[in-house]
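> Below is a structure I'd like to ask you about.
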Amino acid sequence: MKVVEVAMEIAFPPPFLEAVRARYGFRPTREVAMSTSVGGIGPLLRERIVEQAEKGVDVIGVTLLYETTWIQSWFDWGQLHLEKRDVLPYIREFLKDTGIQLSVKLYDDSVVQAHVWQLAYGKTCVYFLDCLPITHVVYPSEEDAPPKQPQPVAWADELRLKQSWLIGRGTLALLKALKFQPDMIVQSETPTVFAHHRLVYDDFHDDAFFERTRYIFNDHTPMEYAHPIWSKNMITRLKMDTSSYIGPQNPGTDGSEVDITRLLVGMVEGVFGVSKKHGEVMRKMPSLKDYASKIESITNGVYVDYWQAPEYKNASGLSDEDLLKTQQRKKGELLDWVWRHYGLWHTWKEQVQGKTVVLWTRRITGYKRMDLLYTICKEASLKRQFIESNIVLLIGGRIHQHDDQAQTMIYNLLDLISQDRMLQERIVLLDNFNVWMAPRVFQGADAAIMLADDGREASATGFMKAQMNGDLIIACEDGAISESVIFLGREKQDAGLPAGNAGLPAGRQVANGFEVPYIHGHPTAEGLIKAFKALKQSLKNPSSHAAMIRSALAATPLVSVERTVDETLAFYQRVLAPSTAIPAANN
């Protein structure tokens, strides 16, 4: 089976990042890691590709090679600094030059040249299309416009269109140059729309090379920005074939616009969301509900060898005492690393010894509700309860350069922290959180937070990386949380995890998380504080704490990308079935 994974971002693998570090050190490696991985989708696709190859699938990835990345720094005086840095010289040095130069005709009939680079990802490879100035930065906005550009918004809109076109039609051109005739092209998120050969009236539209190719649309977010609606004028300008498009039967729609997600879902042979709940959310979308029977779900997973500390791979053989000692040692290593790398004052490490380390490492945007922390720090009663919870919060996440709401949220939080020494001790903001540094953080924490407004999180993979390191999860029941997190007080039977022994009835499961309940579809600061208190109480009893760590670790098979890929291969076979099914392995 020949499979192509197409995406705007595919994170670099650890061996590549370590090679950059060995040559250039910490800062360039951190920035290189940020250039192709903004949120969870970059690592997810990296690991899905690696695991498919290990399962015998003839799979490759195609993405863009970006010239720059945005870095962000938090300052003690309550300011956020955003700056764009060049990373391309570091990256090119460690890529293999394929010698392939693609001529890609754009929608305006101009032709651009895309140079193709290659990088090993386990047993396979990912190809990077290098085409400046189109590949200037991932997800460009008006802040990326050249100086004195008279229409920066229009410039950014046009560059995003060109990137979308390049990753789509450029992928098709590359496959022909490689003579790699795919059985499947997996399009992750709507920017890859143009990778469907029949969607544009050009030389690829009726190309026999892709006659047997099936297409899969893999959605990664229910947010509106990921589901664009284009005017008929835009469709005409982009030479799109919408002859098969049937608009949603919604009151108020007049057929003058095209919902790009609906267009893709209608054209492709397979569709899936990335958690059971996300699949349900997609099926209920007004623009997709008549396609509900076509939309399946395959829950995301993460690659164990990249994320899990070696000490936890055989944790079932450890006594409770040794398990807790391991966890404390890993936490000590993390605190020492944070202290050294983030320039904290000389006594900080001693001041936080013995405290509970909780991660809030998520892409920073409104619906992920970092604003709740501002509320906790602002209101005296909640702040007191937070301090009494004995928690140290490590905050990390990317802010898009054009997300004014997220920037304001962080400005407000920084203002409060900068005026309060106790908050500075208990809330540490990690500059430029990235896929290279992240494993160390997950491997040393006690717990991790996953909040989102109801139905807004597609899956979330950060909590998965935390669970396989024994971290307990503080979360709302959104995304994939309900599939592996067992909330205290809501223990399950027959959940596929080992039965607990922390005073629970036979057959019941030990909890590995704490719920932040929804109030009218939103988490609250009060609910988060209550979860902090429950965490503190649970950690007082060593045997109970050890049992909860074991319950978190026992979720590893559920959150592993191996399980994801097993389900994906079965999905591929359903798409190809029955008469055209192709063996997964290449024997």
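Please note that chains go A, B, ... in the order of the structure tokens, that every chain numbers its residues from 1, and that ligands are numbered from 1 in the order shown.
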Please list as a list in words every residue within 8 Å of stretch 426-435 of chain A, counting only C-alpha atoms and excluding residues in the same chain fewer than 6 positions away.

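Close residues of stretch 426-435 of chain A: Ala11, Arg30, Glu31, Ala33, Met34, Ser37, Pro43, Ile71, Gln72, Ser73, Trp74, Tyr342, Val352, Thr361, Ile387, Ile391, Val392, Leu393, Leu394, Ile395, Gly396, Gly397, Arg398 and Ile417 of chain A.
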
> Print the selection's residues with N, CA and C atoms to a file, as an mmCIF file, in the first residue's frame.


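This is the output file again_37.cif:
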data_model
loop_
_atom_site.group_PDB
_atom_site.id
_atom_site.type_symbol
_atom_site.label_atom_id
_atom_site.label_comp_id
_atom_site.auth_asym_id
_atom_site.auth_seq_id
_atom_site.Cartn_x
_atom_site.Cartn_y
_atom_site.Cartn_z
ATOM 1 N N ALA A 11 6.448 17.909 12.191
ATOM 2 C CA ALA A 11 7.572 18.193 13.089
ATOM 3 C C ALA A 11 8.810 17.390 12.695
ATOM 4 N N ARG A 30 16.144 24.948 19.315
ATOM 5 C CA ARG A 30 14.803 25.309 19.787
ATOM 6 C C ARG A 30 14.019 26.006 18.681
ATOM 7 N N GLU A 31 14.648 26.915 17.976
ATOM 8 C CA GLU A 31 13.953 27.674 16.945
ATOM 9 C C GLU A 31 13.675 26.823 15.705
ATOM 10 N N ALA A 33 13.097 23.658 15.800
ATOM 11 C CA ALA A 33 11.992 22.785 16.208
ATOM 12 C C ALA A 33 10.648 23.490 16.111
ATOM 13 N N MET A 34 10.639 24.821 16.277
ATOM 14 C CA MET A 34 9.404 25.587 16.241
ATOM 15 C C MET A 34 8.925 25.870 14.819
ATOM 16 N N SER A 37 6.339 23.083 13.537
ATOM 17 C CA SER A 37 5.436 22.478 14.515
ATOM 18 C C SER A 37 4.869 23.565 15.417
ATOM 19 N N PRO A 43 3.821 17.167 15.603
ATOM 20 C CA PRO A 43 4.301 15.896 16.147
ATOM 21 C C PRO A 43 3.399 14.723 15.781
ATOM 22 N N ILE A 71 9.553 33.545 17.523
ATOM 23 C CA ILE A 71 9.885 33.160 18.902
ATOM 24 C C ILE A 71 9.195 34.137 19.841
ATOM 25 N N GLN A 72 9.043 33.720 21.090
ATOM 26 C CA GLN A 72 8.370 34.580 22.066
ATOM 27 C C GLN A 72 9.084 34.490 23.407
ATOM 28 N N SER A 73 9.194 35.596 24.069
ATOM 29 C CA SER A 73 9.865 35.665 25.364
ATOM 30 C C SER A 73 8.974 36.394 26.344
ATOM 31 N N TRP A 74 8.985 35.919 27.590
ATOM 32 C CA TRP A 74 8.242 36.577 28.660
ATOM 33 C C TRP A 74 9.245 37.340 29.519
ATOM 34 N N TYR A 342 16.036 28.770 32.386
ATOM 35 C CA TYR A 342 15.167 29.946 32.351
ATOM 36 C C TYR A 342 15.616 31.055 33.298
ATOM 37 N N VAL A 352 10.932 25.583 45.741
ATOM 38 C CA VAL A 352 9.841 24.769 45.185
ATOM 39 C C VAL A 352 10.026 23.280 45.438
ATOM 40 N N THR A 361 0.838 23.200 29.250
ATOM 41 C CA THR A 361 1.629 23.363 28.026
ATOM 42 C C THR A 361 0.719 23.096 26.838
ATOM 43 N N ILE A 387 -2.306 29.162 46.047
ATOM 44 C CA ILE A 387 -1.038 29.106 46.778
ATOM 45 C C ILE A 387 -1.067 27.945 47.777
ATOM 46 N N ILE A 391 1.140 24.027 44.547
ATOM 47 C CA ILE A 391 1.419 23.712 43.149
ATOM 48 C C ILE A 391 2.386 24.721 42.546
ATOM 49 N N VAL A 392 3.283 24.207 41.689
ATOM 50 C CA VAL A 392 4.103 25.030 40.816
ATOM 51 C C VAL A 392 3.634 24.765 39.389
ATOM 52 N N LEU A 393 3.191 25.813 38.703
ATOM 53 C CA LEU A 393 2.713 25.683 37.334
ATOM 54 C C LEU A 393 3.828 26.023 36.346
ATOM 55 N N LEU A 394 4.057 25.138 35.393
ATOM 56 C CA LEU A 394 4.965 25.418 34.286
ATOM 57 C C LEU A 394 4.107 25.686 33.055
ATOM 58 N N ILE A 395 4.179 26.914 32.530
ATOM 59 C CA ILE A 395 3.327 27.349 31.430
ATOM 60 C C ILE A 395 4.147 27.384 30.146
ATOM 61 N N GLY A 396 3.648 26.722 29.117
ATOM 62 C CA GLY A 396 4.339 26.758 27.831
ATOM 63 C C GLY A 396 3.351 26.636 26.693
ATOM 64 N N GLY A 397 3.597 27.357 25.610
ATOM 65 C CA GLY A 397 2.697 27.257 24.467
ATOM 66 C C GLY A 397 2.979 28.350 23.458
ATOM 67 N N ARG A 398 2.552 28.116 22.226
ATOM 68 C CA ARG A 398 2.783 29.064 21.152
ATOM 69 C C ARG A 398 1.611 30.032 21.016
ATOM 70 N N ILE A 417 1.632 38.654 37.534
ATOM 71 C CA ILE A 417 2.766 37.892 38.053
ATOM 72 C C ILE A 417 3.943 38.804 38.369
#

> Please return, as a PyMOL selection string, all residues of stretch 58-160 of chain A that DSSP assigns to strand (DSSP E) on the basis of the backbone.

chain A and resi 58-64+68-75+79-86+96-105+111-121+124-130

> With distances taken over only C-alpha atoms, which residue among A:Tyr127, A:Phe571, A:Tyr245, A:Phe194 lies nearest A:Ser297?

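Smallest distance to A:Ser297 is found for A:Phe571.
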
> For A:Ala19, which residue out of A:Glu51, A:Glu143, A:Glu93, A:Glu457 is the nearest one, using only C-alpha atoms?

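Among A:Glu51, A:Glu143, A:Glu93, A:Glu457, it is A:Glu93 that comes nearest to A:Ala19.
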
> Can you work out which one of A:Thr461, A:Asn218, A:Thr375, A:Gln509 has the shortest atom-to-atom distance to A:Leu528, counting only C-alpha atoms?

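Smallest separation from A:Leu528 among the options: A:Thr375.
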
> Rank A:Ile298, A:Leu45, A:Val510, A:Ile10 by their smallest atom-to-atom distance to A:Ala570, using only C-alpha atoms, and report the top residue only.

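Among A:Ile298, A:Leu45, A:Val510, A:Ile10, it is A:Ile298 that comes nearest to A:Ala570.
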
> When you count only C-alpha atoms, which of these residues is closest to A:Thr135: A:Val565, A:Ile246, A:Leu178, A:Met8?

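Closest candidate: A:Met8.
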
> Would you mind telling me which residue in A:Phe128, A:Lys331, A:His341, A:Gly168 lies nearest to A:Gln353 when using only C-alpha atoms?

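Smallest separation from A:Gln353 among the options: A:Lys331.
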
> I'd like the contact shell of stretch 225-240 of chain A - 8 Å cut-off, only C-alpha atoms, skipping same-chain residues fewer than 2 positions apart - returned as a PyMOL selection string.

chain A and resi 107-108+189-190+199-202+221-223+242+256-261

> Next, write the just-selected residues to a file, as a PDB file, in the first residue's frame, keeping N, CA, C and O atoms as the atom set.


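Below you can see again35.pdb, which holds the result:
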ATOM      1  N   TYR A 107      -2.321  29.435  -9.570  1.00  0.00           N
ATOM      2  CA  TYR A 107      -3.675  29.711 -10.066  1.00  0.00           C
ATOM      3  C   TYR A 107      -3.726  30.929 -10.979  1.00  0.00           C
ATOM      4  O   TYR A 107      -4.658  31.084 -11.772  1.00  0.00           O
ATOM      5  N   ASP A 108      -2.710  31.800 -10.898  1.00  0.00           N
ATOM      6  CA  ASP A 108      -2.688  32.971 -11.784  1.00  0.00           C
ATOM      7  C   ASP A 108      -1.842  32.723 -13.040  1.00  0.00           C
ATOM      8  O   ASP A 108      -1.518  33.661 -13.779  1.00  0.00           O
ATOM      9  N   GLU A 189      -6.301  18.633   7.422  1.00  0.00           N
ATOM     10  CA  GLU A 189      -6.851  19.977   7.514  1.00  0.00           C
ATOM     11  C   GLU A 189      -7.034  20.602   6.124  1.00  0.00           C
ATOM     12  O   GLU A 189      -6.432  20.195   5.134  1.00  0.00           O
ATOM     13  N   THR A 190      -7.886  21.607   6.086  1.00  0.00           N
ATOM     14  CA  THR A 190      -8.314  22.170   4.801  1.00  0.00           C
ATOM     15  C   THR A 190      -7.234  22.901   4.004  1.00  0.00           C
ATOM     16  O   THR A 190      -7.394  23.014   2.785  1.00  0.00           O
ATOM     17  N   LEU A 199      -9.688  18.419  -8.055  1.00  0.00           N
ATOM     18  CA  LEU A 199     -10.341  19.607  -7.515  1.00  0.00           C
ATOM     19  C   LEU A 199     -10.030  20.872  -8.293  1.00  0.00           C
ATOM     20  O   LEU A 199     -10.681  21.896  -8.108  1.00  0.00           O
ATOM     21  N   VAL A 200      -9.045  20.834  -9.175  1.00  0.00           N
ATOM     22  CA  VAL A 200      -8.632  22.014  -9.933  1.00  0.00           C
ATOM     23  C   VAL A 200      -8.600  21.668 -11.418  1.00  0.00           C
ATOM     24  O   VAL A 200      -8.141  20.590 -11.808  1.00  0.00           O
ATOM     25  N   TYR A 201      -9.072  22.594 -12.232  1.00  0.00           N
ATOM     26  CA  TYR A 201      -8.995  22.416 -13.683  1.00  0.00           C
ATOM     27  C   TYR A 201      -7.583  22.775 -14.154  1.00  0.00           C
ATOM     28  O   TYR A 201      -7.285  23.920 -14.483  1.00  0.00           O
ATOM     29  N   ASP A 202      -6.719  21.778 -14.134  1.00  0.00           N
ATOM     30  CA  ASP A 202      -5.356  21.953 -14.634  1.00  0.00           C
ATOM     31  C   ASP A 202      -4.880  20.626 -15.192  1.00  0.00           C
ATOM     32  O   ASP A 202      -5.683  19.703 -15.411  1.00  0.00           O
ATOM     33  N   THR A 221      -9.460  20.056  13.862  1.00  0.00           N
ATOM     34  CA  THR A 221     -10.026  21.047  14.773  1.00  0.00           C
ATOM     35  C   THR A 221     -11.433  21.405  14.345  1.00  0.00           C
ATOM     36  O   THR A 221     -11.714  21.521  13.146  1.00  0.00           O
ATOM     37  N   PRO A 222     -12.340  21.580  15.309  1.00  0.00           N
ATOM     38  CA  PRO A 222     -13.698  22.025  14.975  1.00  0.00           C
ATOM     39  C   PRO A 222     -13.823  23.544  14.912  1.00  0.00           C
ATOM     40  O   PRO A 222     -14.927  24.057  14.749  1.00  0.00           O
ATOM     41  N   MET A 223     -12.712  24.266  15.028  1.00  0.00           N
ATOM     42  CA  MET A 223     -12.778  25.717  15.069  1.00  0.00           C
ATOM     43  C   MET A 223     -13.090  26.307  13.693  1.00  0.00           C
ATOM     44  O   MET A 223     -12.688  25.774  12.665  1.00  0.00           O
ATOM     45  N   THR A 242     -16.001  22.489  -8.760  1.00  0.00           N
ATOM     46  CA  THR A 242     -17.020  22.281  -7.722  1.00  0.00           C
ATOM     47  C   THR A 242     -18.285  21.665  -8.326  1.00  0.00           C
ATOM     48  O   THR A 242     -19.368  21.808  -7.770  1.00  0.00           O
ATOM     49  N   SER A 256     -24.253  30.930  -3.076  1.00  0.00           N
ATOM     50  CA  SER A 256     -23.231  31.819  -3.626  1.00  0.00           C
ATOM     51  C   SER A 256     -21.863  31.589  -2.997  1.00  0.00           C
ATOM     52  O   SER A 256     -20.888  32.202  -3.415  1.00  0.00           O
ATOM     53  N   GLU A 257     -21.770  30.715  -2.005  1.00  0.00           N
ATOM     54  CA  GLU A 257     -20.507  30.436  -1.337  1.00  0.00           C
ATOM     55  C   GLU A 257     -20.279  28.932  -1.265  1.00  0.00           C
ATOM     56  O   GLU A 257     -21.232  28.136  -1.352  1.00  0.00           O
ATOM     57  N   VAL A 258     -19.022  28.562  -1.102  1.00  0.00           N
ATOM     58  CA  VAL A 258     -18.650  27.151  -1.023  1.00  0.00           C
ATOM     59  C   VAL A 258     -17.941  26.905   0.300  1.00  0.00           C
ATOM     60  O   VAL A 258     -16.931  27.550   0.603  1.00  0.00           O
ATOM     61  N   ASP A 259     -18.462  25.976   1.079  1.00  0.00           N
ATOM     62  CA  ASP A 259     -17.837  25.539   2.324  1.00  0.00           C
ATOM     63  C   ASP A 259     -16.752  24.526   1.943  1.00  0.00           C
ATOM     64  O   ASP A 259     -17.050  23.433   1.441  1.00  0.00           O
ATOM     65  N   ILE A 260     -15.486  24.905   2.173  1.00  0.00           N
ATOM     66  CA  ILE A 260     -14.368  24.092   1.687  1.00  0.00           C
ATOM     67  C   ILE A 260     -14.308  22.739   2.400  1.00  0.00           C
ATOM     68  O   ILE A 260     -13.995  21.713   1.775  1.00  0.00           O
ATOM     69  N   THR A 261     -14.627  22.714   3.682  1.00  0.00           N
ATOM     70  CA  THR A 261     -14.647  21.430   4.388  1.00  0.00           C
ATOM     71  C   THR A 261     -15.715  20.527   3.789  1.00  0.00           C
ATOM     72  O   THR A 261     -15.478  19.332   3.550  1.00  0.00           O
TER      73      THR A 261
END

> Figure out the distance between atom CA of A:Gly301 and atom CA of A:Val485, please, to one decimal in Å.

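Interatomic distance here is 13.8 Å.
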
> Where does DSSP see alpha helix (DSSP H) in stretch 270-497 of chain A, if you list the residues as a count of residues only?

92

> Contacts of A:Leu372 at 10 Å or less, counting only C-alpha atoms, minus same-chain residues fewer than 2 places along, as an MDAnalysis selection string?

chainID A and resid 368:370 374:378 409 413 451 523:529

> Write out, as an mmCIF file, in the first residue's frame, the residues just selected, with N, CA, C and O atoms.


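Output (part-v9.cif):
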data_model
loop_
_atom_site.group_PDB
_atom_site.id
_atom_site.type_symbol
_atom_site.label_atom_id
_atom_site.label_comp_id
_atom_site.auth_asym_id
_atom_site.auth_seq_id
_atom_site.Cartn_x
_atom_site.Cartn_y
_atom_site.Cartn_z
ATOM 1 N N LYS A 368 -8.786 27.595 24.668
ATOM 2 C CA LYS A 368 -8.059 26.695 25.561
ATOM 3 C C LYS A 368 -7.961 27.252 26.983
ATOM 4 O O LYS A 368 -7.345 26.653 27.852
ATOM 5 N N ARG A 369 -8.497 28.403 27.200
ATOM 6 C CA ARG A 369 -8.877 28.976 28.488
ATOM 7 C C ARG A 369 -7.749 29.264 29.478
ATOM 8 O O ARG A 369 -7.907 29.117 30.691
ATOM 9 N N MET A 370 -6.642 29.767 28.958
ATOM 10 C CA MET A 370 -5.590 30.256 29.835
ATOM 11 C C MET A 370 -6.060 31.444 30.666
ATOM 12 O O MET A 370 -5.474 31.767 31.707
ATOM 13 N N TYR A 374 -5.547 33.807 34.870
ATOM 14 C CA TYR A 374 -5.600 35.237 35.208
ATOM 15 C C TYR A 374 -6.652 35.478 36.279
ATOM 16 O O TYR A 374 -6.415 36.221 37.246
ATOM 17 N N THR A 375 -7.818 34.855 36.141
ATOM 18 C CA THR A 375 -8.878 35.020 37.138
ATOM 19 C C THR A 375 -8.421 34.538 38.505
ATOM 20 O O THR A 375 -8.667 35.190 39.528
ATOM 21 N N ILE A 376 -7.743 33.406 38.530
ATOM 22 C CA ILE A 376 -7.242 32.865 39.800
ATOM 23 C C ILE A 376 -6.238 33.814 40.439
ATOM 24 O O ILE A 376 -6.258 34.049 41.657
ATOM 25 N N CYS A 377 -5.347 34.373 39.635
ATOM 26 C CA CYS A 377 -4.339 35.293 40.176
ATOM 27 C C CYS A 377 -4.938 36.634 40.567
ATOM 28 O O CYS A 377 -4.410 37.320 41.449
ATOM 29 N N LYS A 378 -6.032 37.021 39.952
ATOM 30 C CA LYS A 378 -6.639 38.328 40.184
ATOM 31 C C LYS A 378 -7.505 38.352 41.441
ATOM 32 O O LYS A 378 -7.472 39.327 42.206
ATOM 33 N N MET A 409 -4.430 38.213 26.664
ATOM 34 C CA MET A 409 -4.586 37.298 27.785
ATOM 35 C C MET A 409 -3.256 37.114 28.518
ATOM 36 O O MET A 409 -3.194 37.140 29.758
ATOM 37 N N LEU A 413 -1.944 38.428 32.319
ATOM 38 C CA LEU A 413 -1.392 37.487 33.287
ATOM 39 C C LEU A 413 0.005 37.912 33.722
ATOM 40 O O LEU A 413 0.337 37.893 34.926
ATOM 41 N N LEU A 451 -7.596 21.994 29.252
ATOM 42 C CA LEU A 451 -8.884 22.678 29.310
ATOM 43 C C LEU A 451 -9.282 23.160 27.918
ATOM 44 O O LEU A 451 -8.435 23.533 27.105
ATOM 45 N N PRO A 523 -15.338 25.702 31.196
ATOM 46 C CA PRO A 523 -14.702 25.461 32.486
ATOM 47 C C PRO A 523 -14.651 26.760 33.282
ATOM 48 O O PRO A 523 -14.723 27.851 32.701
ATOM 49 N N THR A 524 -14.518 26.656 34.578
ATOM 50 C CA THR A 524 -14.469 27.839 35.431
ATOM 51 C C THR A 524 -13.213 27.824 36.289
ATOM 52 O O THR A 524 -12.619 26.769 36.532
ATOM 53 N N ALA A 525 -12.841 29.003 36.774
ATOM 54 C CA ALA A 525 -11.692 29.110 37.675
ATOM 55 C C ALA A 525 -11.953 28.342 38.964
ATOM 56 O O ALA A 525 -11.053 27.702 39.512
ATOM 57 N N GLU A 526 -13.196 28.412 39.443
ATOM 58 C CA GLU A 526 -13.550 27.700 40.672
ATOM 59 C C GLU A 526 -13.419 26.188 40.479
ATOM 60 O O GLU A 526 -12.956 25.471 41.377
ATOM 61 N N GLY A 527 -13.816 25.698 39.302
ATOM 62 C CA GLY A 527 -13.685 24.274 39.021
ATOM 63 C C GLY A 527 -12.232 23.839 38.950
ATOM 64 O O GLY A 527 -11.875 22.740 39.387
ATOM 65 N N LEU A 528 -11.373 24.696 38.417
ATOM 66 C CA LEU A 528 -9.949 24.383 38.336
ATOM 67 C C LEU A 528 -9.331 24.348 39.731
ATOM 68 O O LEU A 528 -8.544 23.445 40.047
ATOM 69 N N ILE A 529 -9.694 25.299 40.576
ATOM 70 C CA ILE A 529 -9.190 25.306 41.953
ATOM 71 C C ILE A 529 -9.622 24.051 42.696
ATOM 72 O O ILE A 529 -8.840 23.434 43.433
#
